[in-house]
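See below for work_15.cif, which holds mmCIF, C-alpha atoms and all ligand atoms.
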```
data_final
loop_
_atom_site.label_atom_id
_atom_site.label_comp_id
_atom_site.auth_asym_id
_atom_site.auth_seq_id
_atom_site.Cartn_x
_atom_site.Cartn_y
_atom_site.Cartn_z
CA MET A 786 20.76 -30.06 9.72
CA SER A 787 21.42 -32.31 6.72
CA GLU A 788 22.71 -31.03 3.43
CA MET A 789 20.30 -31.30 0.55
CA LEU A 790 22.30 -29.63 -2.20
CA GLU A 791 26.00 -29.03 -2.30
CA LEU A 792 28.13 -27.36 -4.97
CA LYS A 793 31.87 -27.71 -4.63
CA ASP A 794 34.17 -25.41 -6.64
CA VAL A 795 31.84 -25.28 -9.61
CA SER A 796 32.87 -23.44 -12.76
CA ALA A 797 30.77 -23.06 -15.90
CA GLY A 798 30.33 -20.85 -18.93
CA TYR A 799 29.22 -20.53 -22.50
CA GLY A 800 31.76 -21.53 -25.12
CA THR A 801 35.00 -19.79 -24.22
CA PHE A 802 33.26 -17.35 -21.85
CA GLN A 803 33.52 -18.33 -18.19
CA ALA A 804 30.49 -17.20 -16.19
CA LEU A 805 31.07 -19.00 -12.86
CA PHE A 806 34.37 -19.39 -11.00
CA ASP A 807 34.81 -21.97 -8.22
CA VAL A 808 31.37 -21.52 -6.74
CA SER A 809 30.75 -23.48 -3.54
CA LEU A 810 27.44 -23.41 -1.75
CA THR A 811 25.17 -25.60 0.32
CA VAL A 812 21.45 -25.68 0.89
CA ASN A 813 20.32 -27.59 3.96
CA THR A 814 17.06 -29.51 4.18
CA GLY A 815 14.22 -27.17 5.08
CA GLU A 816 16.22 -24.01 4.47
CA ALA A 817 15.49 -21.08 2.22
CA VAL A 818 18.68 -19.71 0.69
CA ALA A 819 19.12 -16.74 -1.64
CA VAL A 820 21.74 -15.95 -4.23
CA ILE A 821 21.81 -12.21 -4.69
CA GLY A 822 23.84 -10.11 -7.07
CA PRO A 823 23.67 -7.59 -9.91
CA ASN A 824 22.74 -8.12 -13.57
CA GLY A 825 25.10 -10.46 -15.32
CA ALA A 826 26.62 -11.83 -12.10
CA GLY A 827 25.87 -15.40 -13.14
CA LYS A 828 22.77 -16.10 -11.00
CA THR A 829 20.71 -17.64 -13.81
CA THR A 830 23.75 -19.57 -15.00
CA LEU A 831 24.13 -21.00 -11.50
CA LEU A 832 20.53 -22.30 -11.50
CA ARG A 833 21.05 -23.70 -15.02
CA VAL A 834 24.08 -25.61 -13.79
CA ILE A 835 22.16 -26.98 -10.79
CA SER A 836 19.36 -28.22 -13.03
CA LYS A 837 21.88 -29.50 -15.60
CA LEU A 838 20.66 -27.28 -18.43
CA ILE A 839 24.34 -26.49 -18.85
CA ASN A 840 27.28 -28.57 -17.69
CA ALA A 841 29.75 -27.58 -15.02
CA THR A 842 33.23 -27.47 -16.55
CA GLN A 843 34.72 -28.15 -13.14
CA GLY A 844 33.57 -29.05 -9.64
CA ALA A 845 30.96 -31.32 -8.08
CA LEU A 846 27.17 -31.19 -7.87
CA VAL A 847 25.78 -33.25 -5.00
CA MET A 848 22.12 -33.87 -4.16
CA GLU A 849 21.31 -35.69 -0.92
CA GLY A 850 24.86 -36.99 -0.71
CA LYS A 851 24.96 -38.29 -4.30
CA PRO A 852 27.06 -36.65 -7.00
CA TYR A 853 24.92 -35.98 -10.06
CA ASN A 854 27.23 -34.24 -12.56
CA ALA A 855 26.70 -37.13 -14.98
CA VAL A 856 22.90 -37.10 -14.81
CA PRO A 857 21.14 -35.75 -17.93
CA ALA A 858 18.93 -32.65 -17.61
CA HIS A 859 15.65 -34.51 -18.09
CA THR A 860 16.24 -36.75 -15.09
CA VAL A 861 17.17 -33.96 -12.67
CA ILE A 862 13.49 -33.55 -11.83
CA SER A 863 13.37 -37.13 -10.55
CA LEU A 864 16.17 -36.22 -8.11
CA GLY A 865 13.62 -33.83 -6.62
CA ILE A 866 14.87 -30.59 -8.17
CA ALA A 867 12.28 -28.32 -9.83
CA HIS A 868 13.34 -25.13 -11.60
CA VAL A 869 11.11 -22.09 -12.14
CA PRO A 870 13.07 -20.34 -14.88
CA GLU A 871 13.59 -16.64 -15.44
CA GLY A 872 10.61 -15.22 -17.33
CA ARG A 873 8.22 -18.01 -16.20
CA ARG A 874 8.17 -19.94 -19.52
CA LEU A 875 4.56 -21.08 -19.34
CA PHE A 876 2.74 -22.60 -22.29
CA PRO A 877 0.78 -19.44 -23.15
CA ARG A 878 -1.97 -21.11 -25.18
CA LEU A 879 -2.62 -23.85 -22.68
CA SER A 880 -4.94 -23.32 -19.72
CA VAL A 881 -3.69 -22.86 -16.18
CA GLU A 882 -4.69 -26.41 -15.35
CA GLU A 883 -2.99 -27.83 -18.45
CA ASN A 884 0.18 -25.98 -17.47
CA LEU A 885 -0.04 -27.47 -13.99
CA ARG A 886 -0.55 -30.91 -15.51
CA MET A 887 2.69 -30.45 -17.51
CA GLY A 888 4.55 -30.14 -14.21
CA ALA A 889 3.43 -33.61 -13.19
CA PHE A 890 4.75 -35.51 -16.19
CA ILE A 891 7.22 -37.68 -14.30
CA PRO A 892 5.77 -41.10 -13.35
CA SER A 893 6.22 -40.58 -9.61
CA ALA A 894 4.24 -37.33 -9.79
CA ARG A 895 1.46 -38.72 -12.00
CA LYS A 896 0.17 -40.93 -9.23
CA GLY A 897 -0.55 -38.18 -6.75
CA PHE A 898 -1.75 -35.76 -9.42
CA GLU A 899 -5.18 -34.94 -7.95
CA GLU A 900 -3.80 -34.44 -4.43
CA ARG A 901 -1.03 -32.20 -5.71
CA LEU A 902 -3.46 -30.19 -7.77
CA ASP A 903 -5.62 -29.68 -4.67
CA PHE A 904 -2.51 -28.63 -2.76
CA VAL A 905 -1.48 -26.11 -5.43
CA TYR A 906 -5.03 -24.75 -5.58
CA SER A 907 -5.10 -24.40 -1.80
CA LEU A 908 -1.82 -22.49 -1.94
CA PHE A 909 -3.04 -20.36 -4.87
CA PRO A 910 -6.85 -20.02 -4.77
CA ARG A 911 -6.49 -17.58 -7.67
CA MET A 912 -5.21 -20.39 -9.87
CA LYS A 913 -8.28 -22.46 -9.06
CA GLU A 914 -10.56 -19.58 -10.07
CA ARG A 915 -8.61 -19.19 -13.29
CA ARG A 916 -7.97 -22.82 -14.06
CA GLN A 917 -9.63 -22.70 -17.52
CA GLN A 918 -7.97 -19.43 -18.53
CA MET A 919 -5.14 -19.45 -21.08
CA ALA A 920 -1.89 -18.94 -19.19
CA GLY A 921 -0.72 -16.28 -21.66
CA THR A 922 -3.61 -14.03 -20.60
CA LEU A 923 -2.81 -14.13 -16.87
CA SER A 924 -1.34 -11.07 -15.17
CA GLY A 925 2.38 -11.11 -14.43
CA GLY A 926 1.87 -12.05 -10.79
CA GLU A 927 -0.61 -14.78 -11.72
CA GLN A 928 1.83 -16.16 -14.28
CA GLN A 929 4.47 -16.36 -11.58
CA MET A 930 2.03 -18.25 -9.33
CA CYS A 931 1.23 -20.61 -12.19
CA ALA A 932 4.93 -21.22 -12.87
CA ILE A 933 5.61 -21.93 -9.19
CA GLY A 934 2.51 -24.14 -9.04
CA ARG A 935 3.69 -26.07 -12.07
CA ALA A 936 7.05 -26.70 -10.42
CA LEU A 937 5.32 -27.90 -7.23
CA MET A 938 3.29 -30.41 -9.29
CA SER A 939 6.39 -32.58 -9.69
CA GLY A 940 6.50 -33.08 -5.92
CA PRO A 941 10.00 -31.60 -5.59
CA LYS A 942 12.24 -31.51 -2.55
CA LEU A 943 14.16 -28.49 -3.76
CA LEU A 944 12.57 -25.55 -5.54
CA LEU A 945 14.82 -23.28 -7.64
CA LEU A 946 13.31 -19.85 -8.25
CA ASP A 947 14.88 -17.44 -10.74
CA GLU A 948 13.88 -13.84 -9.93
CA PRO A 949 10.23 -14.50 -9.13
CA SER A 950 9.64 -10.80 -8.43
CA ALA A 951 11.06 -9.52 -11.74
CA GLY A 952 8.76 -7.19 -13.64
CA LEU A 953 6.02 -7.13 -11.01
CA ALA A 954 4.44 -4.12 -9.33
CA PRO A 955 5.57 -3.51 -5.72
CA VAL A 956 2.32 -4.75 -4.16
CA VAL A 957 2.49 -7.96 -6.25
CA VAL A 958 6.15 -8.38 -5.32
CA GLN A 959 5.03 -8.38 -1.68
CA SER A 960 2.54 -11.17 -2.31
CA ILE A 961 5.12 -13.27 -4.17
CA PHE A 962 7.53 -13.04 -1.23
CA GLU A 963 4.67 -13.89 1.12
CA LEU A 964 4.03 -16.99 -1.00
CA ILE A 965 7.66 -18.00 -0.75
CA ARG A 966 7.33 -17.76 3.00
CA ARG A 967 4.33 -20.09 2.87
CA ILE A 968 5.95 -22.59 0.51
CA ARG A 969 8.85 -22.71 2.89
CA ALA A 970 6.49 -23.24 5.84
CA GLU A 971 5.05 -26.22 3.94
CA GLY A 972 8.45 -27.86 4.31
CA TYR A 973 9.99 -27.21 0.92
CA THR A 974 13.64 -26.35 0.58
CA VAL A 975 14.10 -23.26 -1.57
CA LEU A 976 17.01 -21.74 -3.47
CA ILE A 977 16.03 -18.34 -4.81
CA VAL A 978 17.91 -15.97 -7.07
CA GLU A 979 16.93 -12.31 -6.69
CA GLN A 980 17.93 -8.76 -7.44
CA ASN A 981 15.31 -7.54 -5.00
CA ILE A 982 17.84 -7.86 -2.21
CA GLN A 983 16.10 -6.02 0.58
CA GLN A 984 12.92 -8.09 0.22
CA VAL A 985 14.46 -11.48 -0.37
CA LEU A 986 16.78 -11.18 2.62
CA LYS A 987 13.68 -10.91 4.80
CA VAL A 988 12.31 -14.31 3.75
CA VAL A 989 15.44 -16.48 3.58
CA ASP A 990 17.70 -17.98 6.25
CA ARG A 991 21.02 -17.47 4.51
CA ALA A 992 22.34 -15.83 1.40
CA TYR A 993 25.29 -15.75 -0.95
CA LEU A 994 26.41 -12.64 -2.81
CA LEU A 995 27.53 -13.43 -6.35
CA GLU A 996 29.53 -10.86 -8.30
CA THR A 997 31.01 -11.47 -11.76
CA GLY A 998 30.76 -15.22 -11.29
CA ARG A 999 32.33 -15.41 -7.85
CA ILE A 1000 30.85 -15.77 -4.36
CA ARG A 1001 31.94 -12.59 -2.60
CA MET A 1002 30.11 -12.97 0.68
CA SER A 1003 27.82 -15.42 2.45
CA GLY A 1004 26.10 -15.71 5.79
CA PRO A 1005 22.82 -15.44 7.67
CA ALA A 1006 20.36 -13.18 5.84
CA ALA A 1007 20.23 -10.69 8.71
CA GLU A 1008 24.00 -10.39 8.65
CA LEU A 1009 24.07 -9.57 4.93
CA LEU A 1010 21.19 -7.15 5.33
CA GLY A 1011 23.21 -5.33 7.98
CA SER A 1012 26.53 -5.38 6.15
CA ASP A 1013 27.95 -2.01 5.15
CA GLU A 1014 29.13 -3.35 1.81
CA ILE A 1015 25.69 -4.58 0.81
CA ARG A 1016 23.95 -1.51 2.13
CA ARG A 1017 26.25 0.78 0.21
CA ALA A 1018 26.52 -1.15 -3.06
CA TYR A 1019 23.04 -2.62 -3.34
CA LEU A 1020 20.59 -0.89 -1.07
CA GLY A 1021 21.66 2.66 -1.81
CA MET A 1022 22.31 3.48 1.85
CA ALA A 1023 25.26 5.37 3.19
N1 LIG B 1 23.51 -18.31 -23.60
C1 LIG B 1 24.54 -17.52 -23.33
N2 LIG B 1 25.59 -17.40 -24.17
C2 LIG B 1 26.65 -16.60 -23.88
N3 LIG B 1 26.76 -15.90 -22.74
C3 LIG B 1 25.74 -15.97 -21.87
C4 LIG B 1 24.58 -16.78 -22.10
N4 LIG B 1 23.74 -16.64 -21.05
C5 LIG B 1 24.34 -15.80 -20.21
N5 LIG B 1 25.55 -15.39 -20.69
C6 LIG B 1 26.49 -14.47 -20.04
O1 LIG B 1 26.83 -15.01 -18.77
C7 LIG B 1 26.93 -13.98 -17.78
C8 LIG B 1 26.02 -14.33 -16.62
O2 LIG B 1 24.67 -14.28 -17.09
P1 LIG B 1 23.45 -14.70 -16.18
O3 LIG B 1 22.24 -14.72 -17.05
O4 LIG B 1 23.76 -15.92 -15.43
O5 LIG B 1 23.39 -13.46 -15.17
P2 LIG B 1 22.31 -13.08 -14.07
O6 LIG B 1 23.05 -12.87 -12.80
O7 LIG B 1 21.21 -14.07 -14.07
O8 LIG B 1 21.78 -11.66 -14.59
P3 LIG B 1 20.31 -11.01 -14.51
O9 LIG B 1 20.15 -10.52 -13.11
O10 LIG B 1 20.38 -9.88 -15.48
O11 LIG B 1 19.30 -12.05 -14.87
C9 LIG B 1 26.57 -12.68 -18.48
O12 LIG B 1 27.75 -12.01 -18.80
C10 LIG B 1 25.83 -13.12 -19.74
O13 LIG B 1 26.02 -12.23 -20.80
MG MG B 2 19.22 -13.96 -14.46
#
```
Whole structure given in structure tokens:
Amino acid sequence: MSEMLELKDVSAGYGTFQALFDVSLTVNTGEAVAVIGPNGAGKTTLLRVISKLINATQGALVMEGKPYNAVPAHTVISLGIAHVPEGRRLFPRLSVEENLRMGAFIPSARKGFEERLDFVYSLFPRMKERRQQMAGTLSGGEQQMCAIGRALMSGPKLLLLDEPSAGLAPVVVQSIFELIRRIRAEGYTVLIVEQNIQQVLKVVDRAYLLETGRIRMSGPAAELLGSDEIRRAYLGMA
């Protein structure tokens, strides 16, 4: 399997506060990988570093064999990396379809716009029904679909998802994880950050446990799900 994304000994922070310490991880082409960990562990920071919203203070970022530390944030999307941020960040007063259009602003995505839109609507029939509705009036689960759809409109290779299940009712959480399974089956490579450990470990291949900015454990999802440490600390099982 070829490596799509690789982080080597990456550190980062905010001002004098260090949030990530020597984080190394890889995401192979076609894989779904999770980063799990408690509040404040640095999960969002990690995705921000990968999409260059903040700079690594140390270490290397490599996409498809090419280091990209020096690439500015606005060109990361043309490397094939699309980020669905924490809290969705839709344009609330624009329609669903206008939000989707915003995801296709890069020249390479503009060409295939209609095909991509059809693809997103086939993945999320609900978005097609609601295409004229203002995004701010969608339900939480629908907003998450719209945010994921918008990211897919750029034709990414790697999809970064920051806690897609946050704030959703259990039944909606189920459908979001089911969607992730489908996106993955469509051939996308996915890196997902989640606190919903039990659920996410069922849809990914491998996972990393991040605690206070450090990778504490990594391995096949089933292995982490079965680990005593994770069961005790995060799943509330003895
Ligand atoms: N803009 C910022 N300025 C200063 N410190 C920040 C900033 N953003 C995050 N931090 C700090 O960095 C650490 C990691 O935060 P981060 O948001 O990456 O955690 P997280 O794992 O995503 O948590 P959660 O699960 O609650 O979303 C925290 O201690 C947080 O307070
Ligand atoms: Mg976060």
Can you tell me which residues come within 10 Å of ligand MG 2 (chain B) when counting only C-alpha atoms and all ligand atoms, ideally as a count of residues only?
21
Within 9 Å of Leu864 (chain A), counting all atoms listed in the file, which residues show up once you throw out same-chain ones fewer than 5 positions away? Write them as a list in words, please.
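The neighbour list is Met848, Glu849, Tyr853, Pro941 and Lys942 of chain A.
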Taking (8.7, -32.6, -14.5) as a centre in this file's frame and 8 Å as the limit, can you find every polymer residue with an atom that close, using all atoms listed in the file, and give them as an NGL selection string?
:A and (862-863 or 867 or 887-891 or 936 or 938-939)
Pick from A:Thr922, A:Ser893, A:Gln843, A:Thr974, whichever lies nearest to Phe876 (chain A) using all atoms listed in the file:
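Of A:Thr922, A:Ser893, A:Gln843, A:Thr974, the one nearest Phe876 (chain A), counting all atoms listed in the file, is A:Thr922.
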In Å to one decimal, how far is atom O8 of ligand LIG 1 (chain B) from CA of Pro949 (chain A)?
13.1 Å
List every protein, DNA or RNA residue with an atom no more than 9 Å from (25.5, -31.0, -7.3) in the file's coordinates, counting all atoms listed in the file, and format the result as a ChimeraX atom specification.
/A:790-793,795,834-836,844-854
At a cut-off of 8 Å, using all atoms listed in the file, what residues contact Leu994 (chain A)? Leave out same-chain residues fewer than 4 positions from it and give the result as number ranges by chain.
A: 820-822, 1000-1003
Quick one: everything within 8 Å of Phe898 (chain A), counting all atoms listed in the file, minus sequence neighbours fewer than 3 positions away in the same chain. Send it as a list in words.
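That gives Arg886, Ala889, Ala894, Arg895, Arg901, Leu902 and Met938 of chain A.
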May I have the selected residues written with C-alpha atoms, as an mmCIF file, keeping the file's coordinate frame?
```cif
data_model
loop_
_atom_site.group_PDB
_atom_site.id
_atom_site.type_symbol
_atom_site.label_atom_id
_atom_site.label_comp_id
_atom_site.auth_asym_id
_atom_site.auth_seq_id
_atom_site.Cartn_x
_atom_site.Cartn_y
_atom_site.Cartn_z
ATOM 1 C CA ARG A 886 -0.550 -30.910 -15.510
ATOM 2 C CA ALA A 889 3.430 -33.610 -13.190
ATOM 3 C CA ALA A 894 4.240 -37.330 -9.790
ATOM 4 C CA ARG A 895 1.460 -38.720 -12.000
ATOM 5 C CA ARG A 901 -1.030 -32.200 -5.710
ATOM 6 C CA LEU A 902 -3.460 -30.190 -7.770
ATOM 7 C CA MET A 938 3.290 -30.410 -9.290
#
```
What's around Met930 (chain A) at 8 Å? Count only C-alpha atoms, leave out sequence neighbours fewer than 2 positions away in its own chain, and write the answer as a list of chain:residue names.
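Here the qualifying residues turn out to be A:Phe909, A:Met912, A:Gly926, A:Glu927, A:Gln928, A:Ala932, A:Ile933, A:Gly934, A:Ile961.
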How many Å lie between CA of Gln803 (chain A) and atom C7 of ligand LIG 1 (chain B), rounded to one decimal?
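Computing the Euclidean distance for CA of Gln803 (chain A) and atom C7 of ligand LIG 1 (chain B) yields 7.9 Å.
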Can you measure atom N2 of ligand LIG 1 (chain B) to CA of Leu976 (chain A) for me? One decimal in Å is fine.
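Atom N2 of ligand LIG 1 (chain B) sits 22.8 Å away from CA of Leu976 (chain A).
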Can you work out which one of A:Pro877, A:Gly940, A:Gly1011, A:Gly897 has the shortest atom-to-atom distance to Tyr973 (chain A), counting all atoms listed in the file?
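Residue with the minimum atom-to-atom distance to Tyr973 (chain A): A:Gly940.
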Between A:Gln983, A:Ser796, A:Gln929, A:Ser787, which one has atoms that come closest to Ile839 (chain A), using only C-alpha atoms?
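The answer is A:Ser796, which sits nearest to Ile839 (chain A).
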Please determine, counting all atoms listed in the file, which residue among A:Gly972, A:Pro1005, A:Pro910, A:Gly952 has the shortest atom-to-atom distance to ligand LIG 1 (chain B).
A:Gly952
List as a list in words the protein and nucleic acid residues near Ile982 (chain A), meaning an atom at most 12 Å away when all atoms listed in the file are counted, but skip any in the same chain fewer than 5 places from it.
Ala819, Val820, Ile821, Gly822, Pro823, Glu948, Ser950, Ala951, Phe962, Ile977, Lys987, Val988, Val989, Ala992, Tyr993, Leu994, Leu995, Ala1006, Ala1007, Leu1009, Leu1010, Gly1011, Ile1015, Arg1016, Ala1018, Tyr1019, Leu1020 and Gly1021 of chain A
With C-alpha atoms retained, export the selected residues as a PDB file, in the frame of the given file.
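That gives us selection-v2.pdb:
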```pdb
ATOM      1  CA  ALA A 819      19.120 -16.740  -1.640  1.00  0.00           C
ATOM      2  CA  VAL A 820      21.740 -15.950  -4.230  1.00  0.00           C
ATOM      3  CA  ILE A 821      21.810 -12.210  -4.690  1.00  0.00           C
ATOM      4  CA  GLY A 822      23.840 -10.110  -7.070  1.00  0.00           C
ATOM      5  CA  PRO A 823      23.670  -7.590  -9.910  1.00  0.00           C
ATOM      6  CA  GLU A 948      13.880 -13.840  -9.930  1.00  0.00           C
ATOM      7  CA  SER A 950       9.640 -10.800  -8.430  1.00  0.00           C
ATOM      8  CA  ALA A 951      11.060  -9.520 -11.740  1.00  0.00           C
ATOM      9  CA  PHE A 962       7.530 -13.040  -1.230  1.00  0.00           C
ATOM     10  CA  ILE A 977      16.030 -18.340  -4.810  1.00  0.00           C
ATOM     11  CA  LYS A 987      13.680 -10.910   4.800  1.00  0.00           C
ATOM     12  CA  VAL A 988      12.310 -14.310   3.750  1.00  0.00           C
ATOM     13  CA  VAL A 989      15.440 -16.480   3.580  1.00  0.00           C
ATOM     14  CA  ALA A 992      22.340 -15.830   1.400  1.00  0.00           C
ATOM     15  CA  TYR A 993      25.290 -15.750  -0.950  1.00  0.00           C
ATOM     16  CA  LEU A 994      26.410 -12.640  -2.810  1.00  0.00           C
ATOM     17  CA  LEU A 995      27.530 -13.430  -6.350  1.00  0.00           C
ATOM     18  CA  ALA A1006      20.360 -13.180   5.840  1.00  0.00           C
ATOM     19  CA  ALA A1007      20.230 -10.690   8.710  1.00  0.00           C
ATOM     20  CA  LEU A1009      24.070  -9.570   4.930  1.00  0.00           C
ATOM     21  CA  LEU A1010      21.190  -7.150   5.330  1.00  0.00           C
ATOM     22  CA  GLY A1011      23.210  -5.330   7.980  1.00  0.00           C
ATOM     23  CA  ILE A1015      25.690  -4.580   0.810  1.00  0.00           C
ATOM     24  CA  ARG A1016      23.950  -1.510   2.130  1.00  0.00           C
ATOM     25  CA  ALA A1018      26.520  -1.150  -3.060  1.00  0.00           C
ATOM     26  CA  TYR A1019      23.040  -2.620  -3.340  1.00  0.00           C
ATOM     27  CA  LEU A1020      20.590  -0.890  -1.070  1.00  0.00           C
ATOM     28  CA  GLY A1021      21.660   2.660  -1.810  1.00  0.00           C
TER      29      GLY A1021
END
```
